[in-house]
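entry_27.pdb (PDB, C-alpha atoms)
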```
ATOM      1  CA  MET A  23      -5.758 -70.146  67.903
ATOM      2  CA  GLY A  24      -5.999 -66.365  67.789
ATOM      3  CA  VAL A  25      -9.756 -66.407  67.436
ATOM      4  CA  VAL A  26     -10.420 -68.117  70.782
ATOM      5  CA  GLY A  27     -11.948 -65.523  73.070
ATOM      6  CA  HIS A  28     -13.284 -63.493  70.143
ATOM      7  CA  ARG A  29     -16.469 -61.881  71.424
ATOM      8  CA  TYR A  30     -19.457 -61.563  69.140
ATOM      9  CA  PRO A  31     -21.495 -58.362  69.091
ATOM     10  CA  GLN A  32     -24.110 -58.300  71.830
ATOM     11  CA  GLY A  33     -27.694 -58.647  70.667
ATOM     12  CA  SER A  34     -31.137 -59.478  71.940
ATOM     13  CA  TYR A  35     -34.038 -61.752  71.162
ATOM     14  CA  THR A  36     -37.681 -61.794  72.150
ATOM     15  CA  ILE A  37     -39.494 -65.064  71.490
ATOM     16  CA  GLU A  38     -42.858 -64.024  70.104
ATOM     17  CA  PRO A  39     -45.871 -66.243  70.907
ATOM     18  CA  TRP A  40     -46.536 -66.791  67.191
ATOM     19  CA  GLU A  41     -42.949 -67.950  66.669
ATOM     20  CA  ASP A  42     -43.289 -70.453  69.489
ATOM     21  CA  ARG A  43     -46.536 -71.722  67.949
ATOM     22  CA  ILE A  44     -44.870 -72.184  64.540
ATOM     23  CA  LEU A  45     -41.866 -73.946  66.090
ATOM     24  CA  ARG A  46     -44.127 -76.303  68.035
ATOM     25  CA  ASP A  47     -46.137 -77.069  64.895
ATOM     26  CA  THR A  48     -42.905 -77.665  62.949
ATOM     27  CA  LEU A  49     -41.629 -80.122  65.561
ATOM     28  CA  GLY A  50     -44.956 -81.734  66.447
ATOM     29  CA  ALA A  51     -44.469 -80.530  70.025
ATOM     30  CA  PRO A  52     -47.093 -80.384  72.790
ATOM     31  CA  PRO A  53     -48.959 -77.049  73.136
ATOM     32  CA  ALA A  54     -47.372 -74.337  75.295
ATOM     33  CA  ARG A  55     -48.374 -74.005  78.939
ATOM     34  CA  GLY A  56     -48.776 -70.358  79.868
ATOM     35  CA  ASP A  57     -45.902 -68.214  78.653
ATOM     36  CA  GLU A  58     -43.275 -70.956  78.613
ATOM     37  CA  ALA A  59     -41.307 -71.261  75.378
ATOM     38  CA  HIS A  60     -40.333 -74.606  73.851
ATOM     39  CA  PRO A  61     -36.912 -75.556  75.319
ATOM     40  CA  LEU A  62     -35.377 -75.676  71.834
ATOM     41  CA  TRP A  63     -35.545 -71.880  71.915
ATOM     42  CA  GLY A  64     -32.480 -72.167  74.124
ATOM     43  CA  TYR A  65     -30.591 -72.929  70.934
ATOM     44  CA  ILE A  66     -32.576 -70.794  68.509
ATOM     45  CA  ALA A  67     -32.881 -67.634  70.617
ATOM     46  CA  ALA A  68     -29.191 -67.800  71.453
ATOM     47  CA  GLN A  69     -28.081 -68.199  67.851
ATOM     48  CA  SER A  70     -30.603 -65.695  66.525
ATOM     49  CA  GLY A  71     -30.132 -63.238  69.379
ATOM     50  CA  ILE A  72     -26.398 -62.782  69.183
ATOM     51  CA  GLY A  73     -25.588 -59.590  67.316
ATOM     52  CA  THR A  74     -24.664 -61.263  64.031
ATOM     53  CA  ASP A  75     -26.027 -63.943  61.718
ATOM     54  CA  ILE A  76     -24.677 -67.424  60.934
ATOM     55  CA  GLU A  77     -22.334 -65.975  58.323
ATOM     56  CA  GLY A  78     -21.074 -63.539  60.975
ATOM     57  CA  ILE A  79     -20.604 -66.342  63.506
ATOM     58  CA  LEU A  80     -18.433 -68.139  60.944
ATOM     59  CA  GLU A  81     -16.585 -65.089  59.603
ATOM     60  CA  PRO A  82     -13.851 -65.005  62.307
ATOM     61  CA  VAL A  83     -12.934 -68.616  61.471
ATOM     62  CA  ASP A  84     -12.989 -68.055  57.697
ATOM     63  CA  ALA A  85     -15.844 -70.420  56.918
ATOM     64  CA  LYS A  86     -19.157 -70.134  55.100
ATOM     65  CA  PRO A  87     -22.476 -71.974  55.475
ATOM     66  CA  SER A  88     -22.305 -72.975  51.791
ATOM     67  CA  GLU A  89     -19.189 -75.083  52.464
ATOM     68  CA  GLY A  90     -21.210 -77.799  54.161
ATOM     69  CA  THR A  91     -20.909 -76.620  57.759
ATOM     70  CA  MET A  92     -22.634 -79.056  60.142
ATOM     71  CA  ILE A  93     -23.386 -79.146  63.841
ATOM     72  CA  ALA A  94     -21.453 -81.734  65.868
ATOM     73  CA  SER A  95     -22.809 -81.220  69.379
ATOM     74  CA  CYS A  96     -24.940 -78.874  71.418
ATOM     75  CA  GLU A  97     -25.266 -78.271  75.143
ATOM     76  CA  LEU A  98     -27.936 -76.315  76.995
ATOM     77  CA  ALA A  99     -27.300 -75.411  80.646
ATOM     78  CA  VAL A 100     -30.553 -73.861  81.808
ATOM     79  CA  GLU A 101     -30.961 -71.853  84.998
ATOM     80  CA  ARG A 102     -34.278 -70.230  84.096
ATOM     81  CA  GLU A 103     -36.857 -71.518  81.632
ATOM     82  CA  LEU A 104     -37.293 -69.265  78.632
ATOM     83  CA  ARG A 105     -40.594 -67.419  78.294
ATOM     84  CA  VAL A 106     -42.285 -65.741  75.370
ATOM     85  CA  GLY A 107     -42.369 -61.953  75.361
ATOM     86  CA  VAL A 108     -39.161 -61.499  77.381
ATOM     87  CA  PRO A 109     -36.349 -59.488  75.714
ATOM     88  CA  TYR A 110     -33.261 -61.612  76.391
ATOM     89  CA  THR A 111     -29.782 -60.158  75.993
ATOM     90  CA  ALA A 112     -27.383 -62.429  74.092
ATOM     91  CA  THR A 113     -23.620 -62.369  74.589
ATOM     92  CA  GLY A 114     -21.133 -64.909  73.354
ATOM     93  CA  GLU A 115     -17.661 -65.796  72.254
ATOM     94  CA  ILE A 116     -15.527 -68.343  70.460
ATOM     95  CA  ALA A 117     -14.291 -71.068  72.813
ATOM     96  CA  GLY A 118     -12.238 -73.309  70.545
ATOM     97  CA  LEU A 119     -10.995 -74.129  67.051
ATOM     98  CA  GLU A 120      -9.292 -77.482  66.597
ATOM     99  CA  ARG A 121      -7.946 -79.022  63.375
ATOM    100  CA  LYS A 122      -8.836 -82.673  62.739
ATOM    101  CA  HIS A 123      -8.229 -85.068  59.869
ATOM    102  CA  GLY A 124     -10.723 -87.712  58.801
ATOM    103  CA  ARG A 125      -9.685 -90.575  56.524
ATOM    104  CA  ARG A 126     -12.843 -90.196  54.493
ATOM    105  CA  THR A 127     -13.601 -86.521  55.021
ATOM    106  CA  GLY A 128     -10.138 -85.003  54.866
ATOM    107  CA  PRO A 129      -9.268 -82.021  57.059
ATOM    108  CA  PHE A 130     -11.909 -80.240  59.097
ATOM    109  CA  ASP A 131     -12.052 -77.935  62.099
ATOM    110  CA  LEU A 132     -14.124 -78.400  65.238
ATOM    111  CA  PHE A 133     -15.388 -74.941  66.055
ATOM    112  CA  THR A 134     -16.794 -74.282  69.550
ATOM    113  CA  PHE A 135     -18.675 -71.183  70.658
ATOM    114  CA  PHE A 136     -21.098 -70.329  73.443
ATOM    115  CA  ILE A 137     -23.879 -67.819  73.853
ATOM    116  CA  ASP A 138     -25.428 -66.681  77.140
ATOM    117  CA  LEU A 139     -28.998 -65.408  77.427
ATOM    118  CA  THR A 140     -29.757 -62.957  80.238
ATOM    119  CA  GLU A 141     -33.101 -61.619  81.456
ATOM    120  CA  PRO A 142     -33.742 -57.859  81.547
ATOM    121  CA  ASP A 143     -32.954 -57.715  85.305
ATOM    122  CA  GLY A 144     -29.550 -59.314  84.694
ATOM    123  CA  THR A 145     -30.485 -62.846  85.769
ATOM    124  CA  HIS A 146     -28.586 -65.444  83.755
ATOM    125  CA  ALA A 147     -31.092 -67.700  81.995
ATOM    126  CA  LEU A 148     -28.935 -70.180  80.086
ATOM    127  CA  ARG A 149     -25.734 -70.952  78.236
ATOM    128  CA  MET A 150     -25.861 -72.628  74.848
ATOM    129  CA  THR A 151     -22.591 -74.198  73.718
ATOM    130  CA  ALA A 152     -22.323 -75.486  70.160
ATOM    131  CA  VAL A 153     -19.620 -77.362  68.285
ATOM    132  CA  TRP A 154     -19.728 -77.134  64.496
ATOM    133  CA  VAL A 155     -17.764 -79.109  61.910
ATOM    134  CA  LEU A 156     -16.101 -76.877  59.319
ATOM    135  CA  PRO A 157     -14.912 -78.804  56.223
ATOM    136  CA  ARG A 158     -11.478 -77.534  55.108
ATOM    137  CA  ARG A 159      -9.332 -77.886  52.053
ATOM    138  CA  GLU A 160      -5.825 -79.291  52.449
ATOM    139  CA  ASP A 161      -4.313 -75.845  51.849
ATOM    140  CA  HIS A 162      -6.497 -74.046  54.416
ATOM    141  CA  ALA A 163      -4.491 -73.052  57.470
ATOM    142  CA  ALA A 164      -6.140 -73.273  60.902
ATOM    143  CA  ALA A 165      -7.208 -69.782  61.974
TER     144      ALA A 165
ATOM    145  CA  MET B   8     -42.723 -90.184  94.423
ATOM    146  CA  PRO B   9     -39.885 -90.016  91.890
ATOM    147  CA  LEU B  10     -40.075 -87.498  89.084
ATOM    148  CA  LEU B  11     -39.892 -90.377  86.597
ATOM    149  CA  GLU B  12     -39.998 -94.142  87.019
ATOM    150  CA  PRO B  13     -36.783 -95.916  85.996
ATOM    151  CA  GLY B  14     -36.874 -97.422  82.523
ATOM    152  CA  ALA B  15     -37.702 -96.387  79.006
ATOM    153  CA  LEU B  16     -39.668 -93.294  78.026
ATOM    154  CA  ALA B  17     -42.553 -93.579  75.620
ATOM    155  CA  PRO B  18     -41.036 -92.942  72.175
ATOM    156  CA  PHE B  19     -41.746 -89.766  70.221
ATOM    157  CA  GLU B  20     -42.139 -90.697  66.562
ATOM    158  CA  VAL B  21     -42.097 -88.695  63.337
ATOM    159  CA  GLU B  22     -43.516 -90.835  60.556
ATOM    160  CA  SER B  23     -41.948 -88.826  57.710
ATOM    161  CA  VAL B  24     -39.593 -85.872  58.206
ATOM    162  CA  SER B  25     -40.998 -83.060  56.101
ATOM    163  CA  ALA B  26     -38.903 -81.056  53.618
ATOM    164  CA  GLU B  27     -41.489 -78.279  53.819
ATOM    165  CA  ARG B  28     -41.066 -78.033  57.590
ATOM    166  CA  MET B  29     -37.299 -77.787  57.055
ATOM    167  CA  ARG B  30     -37.906 -74.732  54.897
ATOM    168  CA  THR B  31     -40.081 -73.195  57.616
ATOM    169  CA  LEU B  32     -37.428 -73.889  60.218
ATOM    170  CA  ALA B  33     -34.675 -72.485  57.989
ATOM    171  CA  ALA B  34     -36.606 -69.206  57.899
ATOM    172  CA  LEU B  35     -37.294 -69.279  61.658
ATOM    173  CA  LEU B  36     -33.608 -69.963  62.361
ATOM    174  CA  ARG B  37     -32.490 -67.540  59.624
ATOM    175  CA  ASP B  38     -30.225 -70.407  58.582
ATOM    176  CA  PRO B  39     -28.929 -69.952  55.021
ATOM    177  CA  THR B  40     -27.240 -73.378  54.909
ATOM    178  CA  PRO B  41     -28.572 -74.763  51.603
ATOM    179  CA  ILE B  42     -28.464 -78.453  52.539
ATOM    180  CA  HIS B  43     -31.755 -77.836  54.370
ATOM    181  CA  PHE B  44     -33.693 -76.525  51.374
ATOM    182  CA  ALA B  45     -31.736 -77.182  48.127
ATOM    183  CA  PRO B  46     -31.446 -80.898  47.235
ATOM    184  CA  GLU B  47     -29.112 -80.102  44.333
ATOM    185  CA  VAL B  48     -26.552 -78.723  46.819
ATOM    186  CA  VAL B  49     -26.822 -81.886  48.923
ATOM    187  CA  GLN B  50     -26.050 -83.859  45.771
ATOM    188  CA  GLN B  51     -23.176 -81.582  44.727
ATOM    189  CA  LEU B  52     -21.605 -82.000  48.166
ATOM    190  CA  GLY B  53     -21.914 -85.787  47.887
ATOM    191  CA  MET B  54     -24.034 -85.899  51.031
ATOM    192  CA  GLY B  55     -27.042 -87.718  49.578
ATOM    193  CA  GLU B  56     -30.094 -87.111  47.431
ATOM    194  CA  LYS B  57     -32.601 -85.401  49.719
ATOM    195  CA  VAL B  58     -32.463 -82.316  51.897
ATOM    196  CA  ILE B  59     -31.038 -82.773  55.398
ATOM    197  CA  ASN B  60     -32.976 -81.949  58.544
ATOM    198  CA  GLN B  61     -31.588 -79.206  60.782
ATOM    199  CA  GLY B  62     -29.671 -80.548  63.773
ATOM    200  CA  PRO B  63     -31.753 -78.421  66.171
ATOM    201  CA  ALA B  64     -34.933 -80.021  64.783
ATOM    202  CA  ASN B  65     -33.525 -83.446  65.632
ATOM    203  CA  VAL B  66     -32.894 -82.183  69.167
ATOM    204  CA  GLY B  67     -36.444 -80.846  69.189
ATOM    205  CA  TYR B  68     -37.811 -84.368  68.736
ATOM    206  CA  VAL B  69     -35.748 -85.545  71.713
ATOM    207  CA  ILE B  70     -37.031 -82.606  73.774
ATOM    208  CA  ASN B  71     -40.600 -83.494  72.793
ATOM    209  CA  ALA B  72     -40.097 -87.000  74.189
ATOM    210  CA  LEU B  73     -38.925 -85.431  77.470
ATOM    211  CA  LEU B  74     -41.812 -82.926  77.592
ATOM    212  CA  GLU B  75     -44.371 -85.662  77.063
ATOM    213  CA  ALA B  76     -42.783 -87.955  79.661
ATOM    214  CA  ALA B  77     -42.443 -85.318  82.389
ATOM    215  CA  PRO B  78     -44.797 -82.368  81.868
ATOM    216  CA  ASP B  79     -44.163 -81.179  85.448
ATOM    217  CA  ALA B  80     -40.410 -80.965  84.925
ATOM    218  CA  ARG B  81     -38.098 -78.532  83.223
ATOM    219  CA  ILE B  82     -34.941 -79.371  81.300
ATOM    220  CA  GLU B  83     -32.021 -78.256  83.419
ATOM    221  CA  HIS B  84     -29.250 -79.665  81.257
ATOM    222  CA  LEU B  85     -29.122 -81.262  77.833
ATOM    223  CA  HIS B  86     -25.996 -82.325  75.953
ATOM    224  CA  VAL B  87     -26.328 -84.073  72.613
ATOM    225  CA  ARG B  88     -23.974 -85.218  69.885
ATOM    226  CA  PHE B  89     -24.991 -85.402  66.246
ATOM    227  CA  LEU B  90     -23.931 -88.723  64.776
ATOM    228  CA  ALA B  91     -25.737 -89.006  61.460
ATOM    229  CA  ASN B  92     -27.912 -86.990  59.152
ATOM    230  CA  VAL B  93     -31.693 -87.201  59.016
ATOM    231  CA  PHE B  94     -33.045 -86.802  55.493
ATOM    232  CA  ALA B  95     -36.428 -85.732  54.193
ATOM    233  CA  GLU B  96     -38.983 -88.555  54.369
ATOM    234  CA  ASP B  97     -37.010 -90.500  56.986
ATOM    235  CA  ARG B  98     -39.028 -92.007  59.834
ATOM    236  CA  VAL B  99     -37.377 -91.144  63.147
ATOM    237  CA  VAL B 100     -37.961 -92.193  66.748
ATOM    238  CA  ALA B 101     -36.791 -90.218  69.797
ATOM    239  CA  GLY B 102     -36.405 -92.040  73.077
ATOM    240  CA  GLY B 103     -34.748 -92.105  76.434
ATOM    241  CA  THR B 104     -33.934 -94.234  79.440
ATOM    242  CA  VAL B 105     -34.282 -92.977  82.995
ATOM    243  CA  GLU B 106     -31.029 -93.893  84.725
ATOM    244  CA  ARG B 107     -31.576 -92.161  88.068
ATOM    245  CA  ALA B 108     -34.532 -90.364  89.573
ATOM    246  CA  ASP B 109     -35.612 -88.929  92.910
ATOM    247  CA  ASP B 110     -38.490 -86.687  93.945
ATOM    248  CA  ASP B 111     -36.997 -83.570  92.370
ATOM    249  CA  SER B 112     -34.784 -84.614  89.480
ATOM    250  CA  ALA B 113     -33.992 -87.301  86.941
ATOM    251  CA  GLU B 114     -31.048 -88.137  84.719
ATOM    252  CA  LEU B 115     -31.579 -89.795  81.389
ATOM    253  CA  ALA B 116     -29.783 -91.122  78.343
ATOM    254  CA  VAL B 117     -31.555 -89.796  75.254
ATOM    255  CA  TRP B 118     -31.346 -90.464  71.524
ATOM    256  CA  LEU B 119     -32.916 -90.137  68.104
ATOM    257  CA  ASP B 120     -32.839 -93.103  65.726
ATOM    258  CA  VAL B 121     -33.573 -93.223  62.011
ATOM    259  CA  ASP B 122     -35.903 -96.143  61.409
ATOM    260  CA  GLY B 123     -33.868 -98.748  59.567
ATOM    261  CA  GLY B 124     -30.791 -96.542  59.713
ATOM    262  CA  ALA B 125     -28.280 -94.980  62.022
ATOM    263  CA  ARG B 126     -28.543 -93.338  65.399
ATOM    264  CA  ALA B 127     -28.720 -89.648  64.532
ATOM    265  CA  VAL B 128     -28.483 -88.063  67.993
ATOM    266  CA  GLU B 129     -27.426 -89.278  71.405
ATOM    267  CA  GLY B 130     -26.807 -87.549  74.679
ATOM    268  CA  ARG B 131     -27.816 -86.963  78.258
ATOM    269  CA  ALA B 132     -30.488 -84.887  79.950
ATOM    270  CA  THR B 133     -31.192 -83.737  83.479
ATOM    271  CA  LEU B 134     -34.760 -82.842  84.397
ATOM    272  CA  ARG B 135     -35.852 -80.954  87.502
ATOM    273  CA  ARG B 136     -39.325 -80.683  88.990
ATOM    274  CA  ARG B 137     -40.844 -77.219  88.637
TER     275      ARG B 137
END
```

Taking this structure as input, can you express it in the form of structure tokens?
Amino acid sequence: MGVVGHRYPQGSYTIEPWEDRILRDTLGAPPARGDEAHPLWGYIAAQSGIGTDIEGILEPVDAKPSEGTMIASCELAVERELRVGVPYTATGEIAGLERKHGRRTGPFDLFTFFIDLTEPDGTHALRMTAVWVLPRREDHAAA
Amino acid sequence: MPLLEPGALAPFEVESVSAERMRTLAALLRDPTPIHFAPEVVQQLGMGEKVINQGPANVGYVINALLEAAPDARIEHLHVRFLANVFAEDRVVAGGTVERADDDSAELAVWLDVDGGARAVEGRATLRRR
């Protein structure tokens, strides 16, 4: 469990109005009111804002998106609604890596990480916690 | 007046989940996972025949149901589990049940069902009046 507590590089994300429009169109969501961003940005801005990409999120736990990685659960704890045009700072770390065995699926790991988004004045906006399923081969040791 | 009346939310329905919209979302998310845009990879992995919708998109449908039910509220907390895949061309329905509500907040059970198939997402949400 040496990877628990691993901190990802800090990054930032600004939700552009055109991105929010495209996301809303993609989801069939109601139009934006004022500068509020669709709440799903809590997930997207966190994952996109942290200072690495999905491959980098998975690198410390020796997994790759091409191996069939899937999301198991997601939690958004929101203190401040996200707004377009605000440069949020993203910080995050690995919170867990647990080996499981499925009768049908074989071995897999449950990989938990969280990312915090903070406004420019330091106000905490939200925490996004995700759990991903990482398919493993029998000979793959837990990280 | 409570934020929401107890009972079921009006459902949010997607008649046919679009593979093209998955490609758009893959670019927006910068998500290289091929199961969202390469059906041959889905088949190679033994996961089905059609591309698989992004989990966050499935949550987005649930959020849409909440936004339409309570436009004067914000989502304070949302926790969802992903139980089954949603494939291209599936018809899905997002819904919720208000379990407790007062003037300022409401707690709900929420879900996304594949029409004629499995429950894809389930969880809980807390809304708070703006």

Enumerate, as an mmCIF file with C-alpha atoms, in the coordinates of the input, the residues matched when the ChimeraX specification (/B :<7) & /A is run on the file above.
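Saved result, out_7.cif, follows:
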```cif
data_model
loop_
_atom_site.group_PDB
_atom_site.id
_atom_site.type_symbol
_atom_site.label_atom_id
_atom_site.label_comp_id
_atom_site.auth_asym_id
_atom_site.auth_seq_id
_atom_site.Cartn_x
_atom_site.Cartn_y
_atom_site.Cartn_z
ATOM 1 C CA THR A 48 -42.905 -77.665 62.949
ATOM 2 C CA LEU A 49 -41.629 -80.122 65.561
ATOM 3 C CA ALA A 51 -44.469 -80.530 70.025
ATOM 4 C CA LEU A 62 -35.377 -75.676 71.834
ATOM 5 C CA ILE A 66 -32.576 -70.794 68.509
ATOM 6 C CA SER A 70 -30.603 -65.695 66.525
ATOM 7 C CA ILE A 76 -24.677 -67.424 60.934
ATOM 8 C CA PRO A 87 -22.476 -71.974 55.475
ATOM 9 C CA SER A 88 -22.305 -72.975 51.791
ATOM 10 C CA ILE A 93 -23.386 -79.146 63.841
ATOM 11 C CA ALA A 94 -21.453 -81.734 65.868
ATOM 12 C CA SER A 95 -22.809 -81.220 69.379
ATOM 13 C CA CYS A 96 -24.940 -78.874 71.418
ATOM 14 C CA GLU A 97 -25.266 -78.271 75.143
ATOM 15 C CA LEU A 98 -27.936 -76.315 76.995
ATOM 16 C CA ALA A 99 -27.300 -75.411 80.646
ATOM 17 C CA VAL A 100 -30.553 -73.861 81.808
ATOM 18 C CA GLU A 101 -30.961 -71.853 84.998
#
```

Specify as a CSV table (one decimal) with C-alpha atoms, in the frame of the given file each residue included when the PyMOL selection byres ((chain A and resi 145) around 12) is applied to this file.
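Final output, saved to selection-v1.csv:
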```csv
chain,number,residue,atom,x,y,z
A,100,VAL,CA,-30.6,-73.9,81.8
A,101,GLU,CA,-31.0,-71.9,85.0
A,102,ARG,CA,-34.3,-70.2,84.1
A,103,GLU,CA,-36.9,-71.5,81.6
A,104,LEU,CA,-37.3,-69.3,78.6
A,110,TYR,CA,-33.3,-61.6,76.4
A,111,THR,CA,-29.8,-60.2,76.0
A,138,ASP,CA,-25.4,-66.7,77.1
A,139,LEU,CA,-29.0,-65.4,77.4
A,140,THR,CA,-29.8,-63.0,80.2
A,141,GLU,CA,-33.1,-61.6,81.5
A,142,PRO,CA,-33.7,-57.9,81.5
A,143,ASP,CA,-33.0,-57.7,85.3
A,144,GLY,CA,-29.6,-59.3,84.7
A,146,HIS,CA,-28.6,-65.4,83.8
A,147,ALA,CA,-31.1,-67.7,82.0
A,148,LEU,CA,-28.9,-70.2,80.1
```

One-decimal distance in Å that lies between atom CA of Asp75 of chain A and atom CA of Gly33 of chain A: 10.5 Å

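Atom to atom, atom CA of Pro53 of chain A and atom CA of Ala80 of chain B stand 15.1 Å apart.
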
8 Å contact set for segment 120-136 of chain A, all atoms listed in the file, chain neighbours under 5 positions out, as an MDAnalysis selection string: chainID A and resid 114:115 149:160 164

Explicit residue set for the PyMOL selection byres ((chain B and resi 120) around 6), as a list in words: Val99, Val100, Leu119, Val121, Arg126 and Ala127 of chain B

Distance in Å - atom CA of Ala68 of chain A versus atom CA of Tyr35 of chain A: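 Distance reported for this atom pair: 7.8 Å.
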
Selection: 12 Å around Pro39 of chain A, only C-alpha atoms, excl. self and same-chain fewer than 2 positions, as a VMD selection string: chain A and resid 36 to 37 41 to 46 53 to 60 63 104 to 108

Best match for closeness to Gly64 of chain A among A:Gln32, A:Ala112, A:Glu89, A:Leu119, counting all atoms listed in the file: A:Ala112
